[in-house]
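Asks: Handing you this structure, nothing more for now.
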Amino acid sequence: MKPPASVCNCAILLVLLPLLAVLQTTHAQKNAIDIYSLTVDSKVSSRFAHTVITSRVVNKADSMQEATFQIELPKKAFITNFSMIIDGVTYPGNIKEKHAAQEQYSAAVARGESAGLVKATGRKMEQFQVSVSVAPAAKVTFELVYEELLKRRLGVYELLLKVQPRQLVKHLQMDIHIFEPQGISFLETESTFMTNELADALTVSQNQTKAHIRFKPTLSQQQKSAEQEDTVVDGDFIVRYDVNRTLSGGSLQIENGYFVHYFAPESLSMIPKNVIFVIDTSGSMIGKKIRQTREALIKILEDLRPEDHFNLITFSREATQWKPSLVPASTQNVEEATKYANTLKAHGGTNINDAMLMAVQLLETATREEQLPSGSVSLLLLLTDGDPTVGETNPSKIQKNVQEAIGGQYSLFCLGFGFDVSYAFLEKLALDNGGLARRIYEDSDSALQLQDFYQEVANPLLTAVTFVYPNNAVEEVTQDNFRLFFKGSEMVVAGKLQAQSPEVLSAQVSGKLPTENITFQVESQVAEQEEEFRKPKYIFHGFMERLWAYLTIHQLLERMVSASDADKKVLEKQALGLSLNYSFVTPLTSMVVTKPEGQEQSQVAEKPVESGGCESGLLASVAAEFGPSLLPSPSPHPDQHPYFFFQKQALQPQNQVSCLPSSAPLPIAALQIVLPAPATTSAAPAPIQAPTVILPLPGQSVDQVCVDIKRTPGPSLRLLSDPDQGLEVTAEYNMQKAQFSWIKVTFKNPQLQVRVSPEHVVVTRGRRSSEYKWKETLFVVMPGLTMTMDKAGLLLLSSPDKVTIGLLSWDGPGQGLRLLLRDTDRFSSHVDGTLGRFYQGVLWGPPDATDDSKRTLRTHGFDYSATRELKVDYQEGTPGTEISCWCVEL
């Protein structure tokens, strides 16, 4: 096995950045550049989002200062315009063919200027950054425009906006307008910076076809505290929604001479699937990767349906199949596969070629011998974290071998784990075989990423889907045939109406079910549709033409991945022409940003592409910001545990910036602080404990009961169940550690599950799962429920008509998970469970004759001894407050 390639460990770099800032000896006057206005205006018209970000700044210092405009935008978006207005003069960004901009780019680099303006940042975002020198009292207006087609994934569309002003802003406003002619069926907002204090700054209005979300905080609402000038507004703002569906499964919309056809039938039954999981168990998967892969695989196996067939192939130096053939997903087979998955260990090299050919052979044999259900769909899922190192190691040869073996019969989906993997290799491998590739990011939620990707392809509804339009009505139609349609996704076809198009545009969509063919028919009145999109002032007019161009460019770029050299040139020419014609910054174009005389003249914005290897943009930005910088330097051997020292060095263009190994631990030995030994003192009194659960009991003479669990009938507990509230709380209690291993809260309406462990919070809505870390701000507003978490780690699930459930990762004395309840008067008379019984007919006995700190309570025929004790109330988070409550042991 080859040593793992070096990759940037962004977590460590982010830890170092504050230290670099502290050690910086010269820095500009704080907030010398004042952002007095920052607005975000996003218009989503039929899934196509047009976002304008405008920042207005003034130099309040008495000397020339540098103003930096820094914005993060989604990776799938195309920048369409950027401009700066300085002293009334507009300096635009000019979009050119990449080769035409190369000369200016090279000249800027030769002068030592920072030429690249866009770089990848994280999983979903790219960062655009440009700087300009501003004279005293002068004002600058920055404006960036980008566009994207929102893709339906697991039943929702998602609009992601980053809001990071980094200072208090007098006029901060965000407006999101959504117009969906099909009707909006579901809408929620999520924020990583919103607090209860900021909640009043957020307004959401919605009718059948449109929604308006506005966020407009005052200066005082933005402040972290009255004493601090820092802003709390720093993070993600997400809008998720879905639309109504008709029996035809589609919507045919027309605007300004163009049409778009959305197709997502919901009433179809799942097609049985045959899936082979091809899992990399080479040495580079050792540790967290293989552990998370086991965890994800076990969960995925649980989700298989009885009519599905499956098998497992693991590979390192050699490929090994779990069973000689595919087997039905019966309870017994799934249990056996789960035990097998639990035994997976990482060692040896990476033989991708043999593993893939073995998987295809298994499917071929099963098909030939008619072992699989008629009309079923066969899928291959490959998970690997590295390049091939054993057997056939030539990527092109492997791609050819696999494509020839599959022969267009099956779909292959490739998951690249981490940054050591050659993503370009996996992308071509997948696209050659009717699938797609996805990068799995190394993080605490890697297992969830794997599960979510599987959920996207786990439920096929149709095969061989074809869109047909009248030949005399449309032209220049985008991709109109698809191998598979999956539940929760959406197919989008766009095109141009011919000059003499009919008054009614009709479309036919055909596909295959296991036992029959099916056809969907839809038609649309051209004049009515044109009028519907012409009226509203809150939509971005002419959007459908741009949507068509956007979709066409993306599809051309995707086809280029697996095209021959000759075809690639033709596709590139088409994509380039559209990119230039519609002013899109794509991988084929660049935007040259002009500046006033005497400043850097040739800054160039280019579209980053997903690839393997080191993303050194973060290090480069550190160097650009701090000049001679303090950078982490790893040990020369990536297979050893590195310790880092800080070296001061000027980052010159010829310097090679090393990256940290992906598995590098945080360098605990880099800095050592020696503290004097504490003086010997008498033993401190035992700290007051926080009870496992605090129960407010409405209507009682006592305020609340503190519950500790000392024994359980089994590891799994049904703590609360209220069918009238549509609420259930279950948990697993570890008697050895005397704490909850996990707590799970399930709501019926909206359908939502929140599962917390000491490590993290996992929220599952439908088939989508998201992981959140404790003590990270979170504010989610969805129909019927609000979910919030503050910096103290208190997670609250509340609704105007429901009991509020609180969950806390307590790190005080007796650390562990804690459960708390509020608004308990909303429990129905049907509440039940280990804790629910305290909300039905509780009878309190009189205080004990000899000790008034003791009394008895009776509920459900059980008597409990209650003792008045001092406890820590954690309901407002750490450090908690001391209270006196009646303590009960269960």
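Ordered as shown in the structure tokens, chains take letters A, B, and onward, while each chain numbers its residues from 1 and ligands are numbered from 1 in the order shown.
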Taking 3 positions as the minimum chain separation for residues in the same chain, which residues sit within 9 Å of Gln455 of chain A when counting only C-alpha atoms? Answer as a PyMOL selection string.

Replies: chain A and resi 154+300+303+450-452+458-459+767-768

Asks: Need the shell around segment 216-228 of chain A: protein/DNA/RNA residues with any atom at most 7 Å away, counting only C-alpha atoms. Skip same-chain ones fewer than 4 positions apart. Format as a list in words?

Replies: Leu168, Val169, Lys170, Leu172, Gln173, Met174, Glu197, Leu198, Ala201, Leu202, Val232 and Val233 of chain A

Asks: Go ahead and write the selection's residues with N, CA, C and O atoms as a PDB file, in the first residue's frame.

Replies:
ATOM      1  N   LEU A 168     -20.438  44.921  12.791  1.00  0.00           N
ATOM      2  CA  LEU A 168     -21.798  45.421  12.860  1.00  0.00           C
ATOM      3  C   LEU A 168     -22.086  46.267  11.620  1.00  0.00           C
ATOM      4  O   LEU A 168     -21.230  47.042  11.177  1.00  0.00           O
ATOM      5  N   VAL A 169     -23.275  46.108  11.054  1.00  0.00           N
ATOM      6  CA  VAL A 169     -23.644  46.814   9.828  1.00  0.00           C
ATOM      7  C   VAL A 169     -24.928  47.597  10.079  1.00  0.00           C
ATOM      8  O   VAL A 169     -25.938  47.019  10.511  1.00  0.00           O
ATOM      9  N   LYS A 170     -24.888  48.892   9.791  1.00  0.00           N
ATOM     10  CA  LYS A 170     -26.052  49.746  10.052  1.00  0.00           C
ATOM     11  C   LYS A 170     -27.271  49.264   9.274  1.00  0.00           C
ATOM     12  O   LYS A 170     -28.375  49.180   9.804  1.00  0.00           O
ATOM     13  N   LEU A 172     -28.320  46.071   7.373  1.00  0.00           N
ATOM     14  CA  LEU A 172     -28.107  44.669   6.987  1.00  0.00           C
ATOM     15  C   LEU A 172     -29.464  44.075   6.661  1.00  0.00           C
ATOM     16  O   LEU A 172     -30.361  44.055   7.508  1.00  0.00           O
ATOM     17  N   GLN A 173     -29.619  43.608   5.437  1.00  0.00           N
ATOM     18  CA  GLN A 173     -30.933  43.093   5.031  1.00  0.00           C
ATOM     19  C   GLN A 173     -30.773  41.970   4.020  1.00  0.00           C
ATOM     20  O   GLN A 173     -29.961  42.036   3.105  1.00  0.00           O
ATOM     21  N   MET A 174     -31.586  40.943   4.214  1.00  0.00           N
ATOM     22  CA  MET A 174     -31.609  39.813   3.297  1.00  0.00           C
ATOM     23  C   MET A 174     -33.059  39.561   2.898  1.00  0.00           C
ATOM     24  O   MET A 174     -33.940  39.437   3.748  1.00  0.00           O
ATOM     25  N   GLU A 197     -32.850  36.232  20.325  1.00  0.00           N
ATOM     26  CA  GLU A 197     -32.837  37.706  20.242  1.00  0.00           C
ATOM     27  C   GLU A 197     -32.980  38.168  18.793  1.00  0.00           C
ATOM     28  O   GLU A 197     -33.528  39.233  18.522  1.00  0.00           O
ATOM     29  N   LEU A 198     -32.438  37.364  17.870  1.00  0.00           N
ATOM     30  CA  LEU A 198     -32.509  37.729  16.447  1.00  0.00           C
ATOM     31  C   LEU A 198     -33.804  37.268  15.781  1.00  0.00           C
ATOM     32  O   LEU A 198     -34.096  37.662  14.656  1.00  0.00           O
ATOM     33  N   ALA A 201     -36.067  39.583  14.018  1.00  0.00           N
ATOM     34  CA  ALA A 201     -35.590  40.209  12.784  1.00  0.00           C
ATOM     35  C   ALA A 201     -35.932  39.375  11.559  1.00  0.00           C
ATOM     36  O   ALA A 201     -35.737  39.816  10.420  1.00  0.00           O
ATOM     37  N   LEU A 202     -36.441  38.153  11.787  1.00  0.00           N
ATOM     38  CA  LEU A 202     -36.778  37.255  10.685  1.00  0.00           C
ATOM     39  C   LEU A 202     -38.286  37.205  10.502  1.00  0.00           C
ATOM     40  O   LEU A 202     -39.029  36.922  11.437  1.00  0.00           O
ATOM     41  N   VAL A 232     -22.950  38.823  15.960  1.00  0.00           N
ATOM     42  CA  VAL A 232     -23.315  37.410  16.065  1.00  0.00           C
ATOM     43  C   VAL A 232     -23.684  36.853  14.690  1.00  0.00           C
ATOM     44  O   VAL A 232     -23.810  35.645  14.518  1.00  0.00           O
ATOM     45  N   VAL A 233     -23.871  37.754  13.720  1.00  0.00           N
ATOM     46  CA  VAL A 233     -24.299  37.323  12.382  1.00  0.00           C
ATOM     47  C   VAL A 233     -23.091  36.788  11.621  1.00  0.00           C
ATOM     48  O   VAL A 233     -22.292  37.552  11.076  1.00  0.00           O
TER      49      VAL A 233
END

Asks: Excluding segment 821-833 of chain A and its own-chain neighbours fewer than 2 positions away, which residues fall within 12 Å of it when counting only C-alpha atoms? Please give them as a PyMOL selection string.

Replies: chain A and resi 692-700+703-706+716-731+795-808+818-819+835-841+859-860+874-876

Asks: Which residue, A:Ser564, A:Thr389, A:Ser191, A:Thr552, has the smallest gap to Leu576 of chain A when you use only C-alpha atoms?

Replies: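 Selected residue with least distance to Leu576 of chain A: A:Thr552.
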
Asks: If we count only C-alpha atoms, what is near segment 462-469 of chain A at a cut-off of 8 Å, once residues fewer than 2 positions away on the same chain are taken out, given as number ranges by chain?

Replies: A: 271, 460, 471, 473-474, 480-486, 506-513

Asks: For Val52 of chain A, which residue out of A:Asn749, A:Thr834, A:Thr246, A:Asn81 is the nearest one, using only C-alpha atoms?

Replies: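 Of the candidates, the smallest distance to Val52 of chain A is held by A:Asn81.
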
Asks: Please determine, counting only C-alpha atoms, which residue among A:Asn353, A:Ser205, A:Thr80, A:Ser251 has the shortest atom-to-atom distance to Thr586 of chain A.

Replies: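 Looking only at the distances to Thr586 of chain A, the closest residue turns out to be A:Thr80.
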
Asks: Pick from A:Asn351, A:Ser269, A:Ser45, A:Gln371: nearest to Lys537 of chain A, with only C-alpha atoms counted?

Replies: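 Among the listed residues, A:Ser45 lies closest to Lys537 of chain A.
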
Asks: Could you check the closest approach to Lys496 of chain A for each of A:Ser396, A:Asn256, A:Gln529, A:Asn734 and tell me which residue wins, using only C-alpha atoms?

Replies: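 Counting only C-alpha atoms, the residue closest to Lys496 of chain A is A:Asn256.
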
Asks: Write out as number ranges by chain all residues of segment 343-573 of chain A that DSSP puts in strand (DSSP E) for this structure's backbone.

Replies: A: 377-384, 411-417, 437-440, 460-468, 474-475, 481-486, 491-497, 504-512, 517-525

Asks: Excluding segment 315-319 of chain A and its own-chain neighbours fewer than 3 positions away, which residues fall within 9 Å of it when counting only C-alpha atoms? Please give them as a JSON list (two decimals) with all heavy atoms, in the first residue's frame.

Replies:
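Okay, this is what ended up in part28.json:
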[["chain", "number", "residue", "atom", "x", "y", "z"],
["A", 1, "MET", "N", 0.84, -1.20, 0.00],
["A", 1, "MET", "CA", 0.00, 0.00, 0.00],
["A", 1, "MET", "C", 0.87, 1.24, 0.00],
["A", 1, "MET", "O", 1.80, 1.38, 0.76],
["A", 1, "MET", "CB", -0.90, 0.00, 1.24],
["A", 1, "MET", "CG", -1.87, 1.16, 1.28],
["A", 1, "MET", "SD", -2.68, 1.29, 2.90],
["A", 1, "MET", "CE", -1.37, 2.05, 3.82],
["A", 278, "VAL", "N", -19.40, -2.38, -3.12],
["A", 278, "VAL", "CA", -17.98, -2.69, -3.34],
["A", 278, "VAL", "C", -17.18, -1.77, -2.42],
["A", 278, "VAL", "O", -17.07, -0.56, -2.67],
["A", 278, "VAL", "CB", -17.59, -2.48, -4.82],
["A", 278, "VAL", "CG1", -16.16, -2.95, -5.07],
["A", 278, "VAL", "CG2", -18.56, -3.22, -5.74],
["A", 279, "ILE", "N", -16.62, -2.32, -1.34],
["A", 279, "ILE", "CA", -16.08, -1.53, -0.24],
["A", 279, "ILE", "C", -14.55, -1.67, -0.16],
["A", 279, "ILE", "O", -14.02, -2.78, -0.05],
["A", 279, "ILE", "CB", -16.70, -1.97, 1.11],
["A", 279, "ILE", "CG1", -18.23, -1.97, 1.03],
["A", 279, "ILE", "CG2", -16.21, -1.06, 2.23],
["A", 279, "ILE", "CD1", -18.86, -0.63, 0.80],
["A", 280, "ASP", "N", -13.88, -0.55, -0.16],
["A", 280, "ASP", "CA", -12.42, -0.48, -0.01],
["A", 280, "ASP", "C", -12.05, -0.76, 1.45],
["A", 280, "ASP", "O", -12.51, -0.06, 2.35],
["A", 280, "ASP", "CB", -11.95, 0.91, -0.44],
["A", 280, "ASP", "CG", -10.44, 1.06, -0.46],
["A", 280, "ASP", "OD1", -9.74, 0.18, 0.08],
["A", 280, "ASP", "OD2", -9.95, 2.06, -1.02],
["A", 281, "THR", "N", -11.24, -1.80, 1.67],
["A", 281, "THR", "CA", -10.74, -2.08, 3.03],
["A", 281, "THR", "C", -9.21, -2.06, 3.05],
["A", 281, "THR", "O", -8.58, -2.75, 3.84],
["A", 281, "THR", "CB", -11.26, -3.44, 3.53],
["A", 281, "THR", "OG1", -10.86, -4.47, 2.61],
["A", 281, "THR", "CG2", -12.76, -3.45, 3.68],
["A", 282, "SER", "N", -8.62, -1.26, 2.16],
["A", 282, "SER", "CA", -7.16, -1.15, 2.12],
["A", 282, "SER", "C", -6.63, -0.42, 3.35],
["A", 282, "SER", "O", -7.41, 0.17, 4.12],
["A", 282, "SER", "CB", -6.72, -0.43, 0.85],
["A", 282, "SER", "OG", -7.20, 0.89, 0.83],
["A", 283, "GLY", "N", -5.32, -0.44, 3.51],
["A", 283, "GLY", "CA", -4.71, 0.13, 4.72],
["A", 283, "GLY", "C", -5.00, 1.59, 4.95],
["A", 283, "GLY", "O", -5.06, 2.06, 6.09],
["A", 346, "ALA", "N", -9.18, -2.79, 8.01],
["A", 346, "ALA", "CA", -8.42, -2.16, 6.93],
["A", 346, "ALA", "C", -6.99, -2.65, 6.93],
["A", 346, "ALA", "O", -6.31, -2.62, 7.95],
["A", 346, "ALA", "CB", -8.46, -0.64, 7.09],
["A", 347, "HIS", "N", -6.52, -3.11, 5.76],
["A", 347, "HIS", "CA", -5.12, -3.52, 5.61],
["A", 347, "HIS", "C", -4.85, -3.77, 4.13],
["A", 347, "HIS", "O", -5.76, -4.05, 3.35],
["A", 347, "HIS", "CB", -4.84, -4.81, 6.40],
["A", 347, "HIS", "CG", -5.68, -5.97, 5.98],
["A", 347, "HIS", "ND1", -5.33, -6.82, 4.94],
["A", 347, "HIS", "CD2", -6.89, -6.40, 6.42],
["A", 347, "HIS", "CE1", -6.27, -7.73, 4.79],
["A", 347, "HIS", "NE2", -7.24, -7.50, 5.68],
["A", 348, "GLY", "N", -3.59, -3.66, 3.71],
["A", 348, "GLY", "CA", -3.19, -4.04, 2.36],
["A", 348, "GLY", "C", -3.36, -2.94, 1.33],
["A", 348, "GLY", "O", -3.62, -1.78, 1.65],
["A", 349, "GLY", "N", -3.21, -3.33, 0.05],
["A", 349, "GLY", "CA", -3.24, -2.39, -1.07],
["A", 349, "GLY", "C", -4.65, -2.15, -1.58],
["A", 349, "GLY", "O", -5.65, -2.48, -0.92],
["A", 350, "THR", "N", -4.76, -1.56, -2.81],
["A", 350, "THR", "CA", -6.05, -1.14, -3.35],
["A", 350, "THR", "C", -6.22, -1.72, -4.75],
["A", 350, "THR", "O", -5.68, -1.20, -5.72],
["A", 350, "THR", "CB", -6.14, 0.40, -3.40],
["A", 350, "THR", "OG1", -5.79, 0.94, -2.12],
["A", 350, "THR", "CG2", -7.53, 0.87, -3.77],
["A", 351, "ASN", "N", -7.02, -2.78, -4.86],
["A", 351, "ASN", "CA", -7.23, -3.46, -6.15],
["A", 351, "ASN", "C", -8.65, -3.18, -6.64],
["A", 351, "ASN", "O", -9.55, -4.01, -6.51],
["A", 351, "ASN", "CB", -6.99, -4.96, -5.99],
["A", 351, "ASN", "CG", -6.89, -5.67, -7.32],
["A", 351, "ASN", "OD1", -7.37, -5.17, -8.34],
["A", 351, "ASN", "ND2", -6.27, -6.83, -7.32],
["A", 352, "ILE", "N", -8.83, -2.01, -7.21],
["A", 352, "ILE", "CA", -10.16, -1.59, -7.67],
["A", 352, "ILE", "C", -10.61, -2.40, -8.88],
["A", 352, "ILE", "O", -11.77, -2.80, -8.99],
["A", 352, "ILE", "CB", -10.16, -0.08, -8.00],
["A", 352, "ILE", "CG1", -9.92, 0.74, -6.72],
["A", 352, "ILE", "CG2", -11.47, 0.34, -8.66],
["A", 352, "ILE", "CD1", -9.79, 2.23, -6.95],
["A", 354, "ASP", "N", -10.03, -5.55, -10.01],
["A", 354, "ASP", "CA", -10.54, -6.90, -9.76],
["A", 354, "ASP", "C", -11.87, -6.86, -9.01],
["A", 354, "ASP", "O", -12.77, -7.68, -9.26],
["A", 354, "ASP", "CB", -9.53, -7.72, -8.97],
["A", 354, "ASP", "CG", -8.34, -8.16, -9.83],
["A", 354, "ASP", "OD1", -8.32, -7.78, -11.03],
["A", 354, "ASP", "OD2", -7.45, -8.86, -9.32],
["A", 355, "ALA", "N", -11.99, -5.93, -8.07],
["A", 355, "ALA", "CA", -13.22, -5.84, -7.28],
["A", 355, "ALA", "C", -14.41, -5.47, -8.17],
["A", 355, "ALA", "O", -15.50, -6.07, -8.07],
["A", 355, "ALA", "CB", -13.05, -4.80, -6.17],
["A", 356, "MET", "N", -14.21, -4.50, -9.07],
["A", 356, "MET", "CA", -15.31, -4.07, -9.94],
["A", 356, "MET", "C", -15.69, -5.17, -10.93],
["A", 356, "MET", "O", -16.88, -5.41, -11.19],
["A", 356, "MET", "CB", -14.92, -2.80, -10.68],
["A", 356, "MET", "CG", -14.90, -1.54, -9.81],
["A", 356, "MET", "SD", -16.42, -1.29, -8.88],
["A", 356, "MET", "CE", -17.63, -1.34, -10.19],
["A", 358, "MET", "N", -15.33, -8.35, -10.50],
["A", 358, "MET", "CA", -16.02, -9.40, -9.73],
["A", 358, "MET", "C", -17.48, -9.03, -9.51],
["A", 358, "MET", "O", -18.38, -9.88, -9.63],
["A", 358, "MET", "CB", -15.31, -9.60, -8.38],
["A", 358, "MET", "CG", -15.97, -10.65, -7.50],
["A", 358, "MET", "SD", -15.18, -10.79, -5.88],
["A", 358, "MET", "CE", -13.68, -11.67, -6.33],
["A", 389, "THR", "N", -3.52, 0.58, -6.44],
["A", 389, "THR", "CA", -2.09, 0.33, -6.21],
["A", 389, "THR", "C", -1.72, -1.13, -6.44],
["A", 389, "THR", "O", -0.55, -1.47, -6.42],
["A", 389, "THR", "CB", -1.71, 0.70, -4.75],
["A", 389, "THR", "OG1", -2.48, -0.12, -3.85],
["A", 389, "THR", "CG2", -1.98, 2.16, -4.46],
["A", 390, "VAL", "N", -2.71, -2.00, -6.64],
["A", 390, "VAL", "CA", -2.45, -3.43, -6.82],
["A", 390, "VAL", "C", -3.20, -3.91, -8.06],
["A", 390, "VAL", "O", -4.30, -3.42, -8.36],
["A", 390, "VAL", "CB", -2.92, -4.24, -5.58],
["A", 390, "VAL", "CG1", -2.74, -5.73, -5.80],
["A", 390, "VAL", "CG2", -2.16, -3.80, -4.34],
["A", 391, "GLY", "N", -2.63, -4.89, -8.78],
["A", 391, "GLY", "CA", -3.28, -5.40, -9.98],
["A", 391, "GLY", "C", -3.17, -4.38, -11.08],
["A", 391, "GLY", "O", -2.11, -3.77, -11.30]]

Asks: Would you mind telling me which residue in A:Lys487, A:Lys428, A:Lys273, A:Lys773 lies nearest to Arg559 of chain A when using only C-alpha atoms?

Replies: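 Under the stated criterion, the closest residue is A:Lys428.
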
Asks: Kindly give the distance, in Å, that separates atom CA of Gln479 of chain A and atom CA of Ser185 of chain A, rounded to a single decimal.

Replies: 27.5 Å

Asks: Residues near Thr367 of chain A, anyone? I mean within 12 Å using only C-alpha atoms, not counting same-chain ones fewer than 6 positions away, as a list in words.

Replies: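 Surrounding residues, per the criterion: Asn274, His309, Ser325, Leu326, Val360, Gln361, Pro373, Ser374, Gly375, Ser376, Val377, Ser378, Gln409 and Tyr410 of chain A.
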